[in-house]
Amino acid sequence: MGWGWQKHRCQETLEMLVVRRDLDNLTSAFKGQECNWEKQTGQEKEVARAIKALGGMGSREALGTLVGQYPDLTRCLSLQRWFWLVRVLLSLFIGAEIVAVHFSAEWTVGEVSSNTSYKAFSVARVQAHLGLHVGLEGVNITLTGNPVQQLNETIDYNEQFIWRMGENYAAAYAKALEKGLPDPVLYLAEKFTPRSPCGVYRQYRLAGHYASATLWHPVPPPRSSGGESPLRSTQRSSHVLRGKYQGLR
């Protein structure tokens with residue numbers, strides 16, 4: 001058991017030495033931790049021969065002699081492991097941050113508490129907290145009563161209206177009218193419709209589209225079944241959308 005483990009361990013160390021010859025550049029950032037690989041002629045060959053000899057001998061004493069003869073070997077391999085650990089953790093953090101920011105609805109936030117009318121064809125008023133959350137792919141509107149139970153109803157709404165490519169914001173607003181959502185929710189949603197005189201629909205939609213493409217640009221896009229990458233399709237749709245937008249100006 002110990003014999004096979006030592007041999008496997010030596011083979012891994014040999015592979016690290018052969019593949020990672022730039023450890024000098026890696027450890028130069030650490031003060032006093034430099035690995036002088038090139039300052040000794042033929043050192044890598046000597047280490048490789050010693051490791052092969054260990055694989056045939058299986059001697060713990062020989063392994064200790066090797067580490068004692070080359071003290072920088074263990075230190076450099078340890079620094080290399082820390083370096084790759086930092087790279088992996090940093091890559092995971094950046095990827096998670098891109099996903100969280102892309103699907104977040106906190107790009108533009110507005111909140112207000114007011115005594116407002118509740119629904120159409122009714123004079124009833126409620127004390128509620130109204131929130132507006134604008135993201136890259138749409139707008140999220142919340143209405144929470146203060147208290148939640150008022151007029152024999154539970155006033156706790158969280159409605160989302162999507163404007164990303166392929167979605168119809170006007171149709172979503174029409175469905176909200178049919179459902180009879182509260183007046184504050186419909187009032188805010190109406191301001192982002194394409195025909196609203198406020199004119200914020202095209203601005204936010206274009207800004208969200210290009211910001212989304214910019215966030216996903218560093219991520220290598222997978223190939224679709226048709227052989228065209230999603231990034232190429234996004235760039236083509238961006239040119240078409242830009243031409244339509246310039247025609248509307």
# chains A, B, ... in the order shown; residues from 1 in each chain; ligands from 1
call {"tool": "closest_atom_pairs", "arguments": {"of": "region 149-225 of chain A", "to": "region 108-121 of chain A", "cutoff": "10 Å", "atoms": "only C-alpha atoms", "output": "Markdown table"}}
result
| residue | atom | partner | partner_atom | distance |
| --- | --- | --- | --- | --- |
| A:Leu151 | CA | A:Tyr118 | CA | 9.6 |
| A:Ile155 | CA | A:Tyr118 | CA | 9.5 |
| A:Gly180 | CA | A:Lys119 | CA | 7.5 |
| A:Leu181 | CA | A:Lys119 | CA | 7.2 |
| A:Pro182 | CA | A:Lys119 | CA | 4.8 |
| A:Asp183 | CA | A:Lys119 | CA | 5.2 |
| A:Pro184 | CA | A:Tyr118 | CA | 7.3 |
| A:Val185 | CA | A:Tyr118 | CA | 9.6 |
| A:Leu186 | CA | A:Lys119 | CA | 9.6 |
call {"tool": "write_last_selection", "arguments": {"atoms": "N, CA and C atoms", "output": "JSON list (two decimals), in the first residue's frame"}}
result
[["chain", "number", "residue", "atom", "x", "y", "z"],
["A", 151, "LEU", "N", -59.30, 45.79, 3.88],
["A", 151, "LEU", "CA", -60.49, 45.64, 3.04],
["A", 151, "LEU", "C", -60.83, 44.17, 2.82],
["A", 155, "ILE", "N", -53.18, 42.23, 0.74],
["A", 155, "ILE", "CA", -52.54, 43.12, -0.23],
["A", 155, "ILE", "C", -51.05, 42.82, -0.24],
["A", 180, "GLY", "N", -57.30, 42.64, -13.44],
["A", 180, "GLY", "CA", -57.78, 43.62, -12.47],
["A", 180, "GLY", "C", -56.80, 43.88, -11.34],
["A", 181, "LEU", "N", -55.53, 44.06, -11.69],
["A", 181, "LEU", "CA", -54.53, 44.35, -10.67],
["A", 181, "LEU", "C", -54.77, 45.72, -10.05],
["A", 182, "PRO", "N", -54.23, 45.98, -8.89],
["A", 182, "PRO", "CA", -54.44, 47.28, -8.23],
["A", 182, "PRO", "C", -53.97, 48.45, -9.09],
["A", 183, "ASP", "N", -54.58, 49.61, -8.85],
["A", 183, "ASP", "CA", -54.26, 50.81, -9.63],
["A", 183, "ASP", "C", -52.79, 51.20, -9.55],
["A", 184, "PRO", "N", -52.13, 51.19, -8.39],
["A", 184, "PRO", "CA", -50.72, 51.59, -8.36],
["A", 184, "PRO", "C", -49.83, 50.73, -9.25],
["A", 185, "VAL", "N", -50.10, 49.42, -9.29],
["A", 185, "VAL", "CA", -49.30, 48.52, -10.13],
["A", 185, "VAL", "C", -49.52, 48.83, -11.60],
["A", 186, "LEU", "N", -50.78, 49.01, -11.99],
["A", 186, "LEU", "CA", -51.08, 49.31, -13.39],
["A", 186, "LEU", "C", -50.55, 50.67, -13.79]]
call {"tool": "closest_residue", "arguments": {"among": "A:Leu188, A:Val148, A:Val88, A:Val123", "to": "Ala176 (chain A)", "atoms": "only C-alpha atoms"}}
result
A:Leu188
call {"tool": "residues_around", "arguments": {"residues": "Val139 (chain A)", "least_positions_apart": "4", "cutoff": "10 Å", "atoms": "only C-alpha atoms", "output": "mmCIF file with N, CA and C atoms, in the first residue's frame"}}
result
data_model
loop_
_atom_site.group_PDB
_atom_site.id
_atom_site.type_symbol
_atom_site.label_atom_id
_atom_site.label_comp_id
_atom_site.auth_asym_id
_atom_site.auth_seq_id
_atom_site.Cartn_x
_atom_site.Cartn_y
_atom_site.Cartn_z
ATOM 1 N N ALA A 105 -32.932 42.396 -10.389
ATOM 2 C CA ALA A 105 -33.854 43.481 -10.736
ATOM 3 C C ALA A 105 -33.562 44.712 -9.894
ATOM 4 N N GLU A 106 -32.293 44.913 -9.574
ATOM 5 C CA GLU A 106 -31.912 46.013 -8.692
ATOM 6 C C GLU A 106 -31.074 47.068 -9.408
ATOM 7 N N TRP A 107 -31.187 47.157 -10.734
ATOM 8 C CA TRP A 107 -30.413 48.154 -11.461
ATOM 9 C C TRP A 107 -30.951 49.560 -11.205
ATOM 10 N N THR A 108 -32.246 49.678 -11.134
ATOM 11 C CA THR A 108 -32.893 50.947 -10.769
ATOM 12 C C THR A 108 -34.015 50.618 -9.797
ATOM 13 N N VAL A 109 -33.992 51.243 -8.632
ATOM 14 C CA VAL A 109 -34.946 50.913 -7.567
ATOM 15 C C VAL A 109 -35.602 52.189 -7.072
ATOM 16 N N LEU A 132 -40.622 49.761 -7.063
ATOM 17 C CA LEU A 132 -40.321 49.610 -8.485
ATOM 18 C C LEU A 132 -38.880 49.127 -8.625
ATOM 19 N N HIS A 133 -38.693 47.995 -9.309
ATOM 20 C CA HIS A 133 -37.368 47.403 -9.491
ATOM 21 C C HIS A 133 -37.163 47.145 -10.981
ATOM 22 N N VAL A 134 -36.218 47.855 -11.569
ATOM 23 C CA VAL A 134 -35.941 47.753 -12.998
ATOM 24 C C VAL A 134 -34.680 46.926 -13.201
ATOM 25 N N GLY A 135 -34.786 45.885 -14.030
ATOM 26 C CA GLY A 135 -33.652 45.036 -14.354
ATOM 27 C C GLY A 135 -33.313 45.100 -15.829
ATOM 28 N N GLU A 159 -45.530 41.696 -9.213
ATOM 29 C CA GLU A 159 -45.802 41.492 -10.634
ATOM 30 C C GLU A 159 -44.560 41.822 -11.458
ATOM 31 N N GLN A 160 -44.319 40.986 -12.464
ATOM 32 C CA GLN A 160 -43.159 41.167 -13.339
ATOM 33 C C GLN A 160 -43.617 41.345 -14.779
ATOM 34 N N PHE A 161 -43.027 42.336 -15.444
ATOM 35 C CA PHE A 161 -43.321 42.629 -16.843
ATOM 36 C C PHE A 161 -41.998 42.574 -17.611
ATOM 37 N N ILE A 162 -41.929 41.647 -18.581
ATOM 38 C CA ILE A 162 -40.683 41.373 -19.295
ATOM 39 C C ILE A 162 -40.674 42.124 -20.623
ATOM 40 N N TRP A 163 -39.494 42.697 -20.967
ATOM 41 C CA TRP A 163 -39.350 43.371 -22.262
ATOM 42 C C TRP A 163 -38.156 42.857 -23.064
ATOM 43 N N TYR A 169 -44.215 43.192 -24.197
ATOM 44 C CA TYR A 169 -44.543 43.922 -22.977
ATOM 45 C C TYR A 169 -45.982 44.420 -23.015
ATOM 46 N N LEU A 188 -47.822 52.250 -12.702
ATOM 47 C CA LEU A 188 -46.384 52.168 -12.971
ATOM 48 C C LEU A 188 -46.090 51.342 -14.219
ATOM 49 N N ALA A 189 -46.807 50.240 -14.390
ATOM 50 C CA ALA A 189 -46.569 49.407 -15.571
ATOM 51 C C ALA A 189 -46.903 50.156 -16.853
ATOM 52 N N PHE A 192 -44.145 52.233 -18.648
ATOM 53 C CA PHE A 192 -43.099 51.542 -19.403
ATOM 54 C C PHE A 192 -43.632 50.886 -20.675
ATOM 55 N N TYR A 204 -34.890 51.883 -21.817
ATOM 56 C CA TYR A 204 -34.546 50.815 -20.879
ATOM 57 C C TYR A 204 -34.359 49.484 -21.600
#
call {"tool": "closest_residue", "arguments": {"among": "A:Gln150, A:Glu137, A:Thr193, A:Leu143", "to": "Arg205 (chain A)", "atoms": "only C-alpha atoms"}}
result
A:Glu137
call {"tool": "atom_distance", "arguments": {"atom1": "CA of Gly95 (chain A)", "atom2": "CA of Trp216 (chain A)"}}
result
9.8 Å
call {"tool": "select_by_dssp", "arguments": {"residues": "region 130-226 of chain A", "states": "strand (DSSP E)", "output": "VMD selection string"}}
result
chain A and resid 130 to 134 138 to 150 153 to 162
call {"tool": "closest_residue", "arguments": {"among": "A:Phe93, A:Phe103, A:Tyr187, A:Trp82", "to": "Tyr173 (chain A)", "atoms": "only C-alpha atoms"}}
result
A:Tyr187
call {"tool": "select_by_dssp", "arguments": {"residues": "region 149-195 of chain A", "states": "alpha helix (DSSP H)", "output": "PyMOL selection string"}}
result
chain A and resi 169-179+183-191
call {"tool": "residues_around", "arguments": {"residues": "Asn146 (chain A)", "least_positions_apart": "4", "cutoff": "8 Å", "atoms": "only C-alpha atoms", "output": "VMD selection string"}}
result
chain A and resid 127 to 129
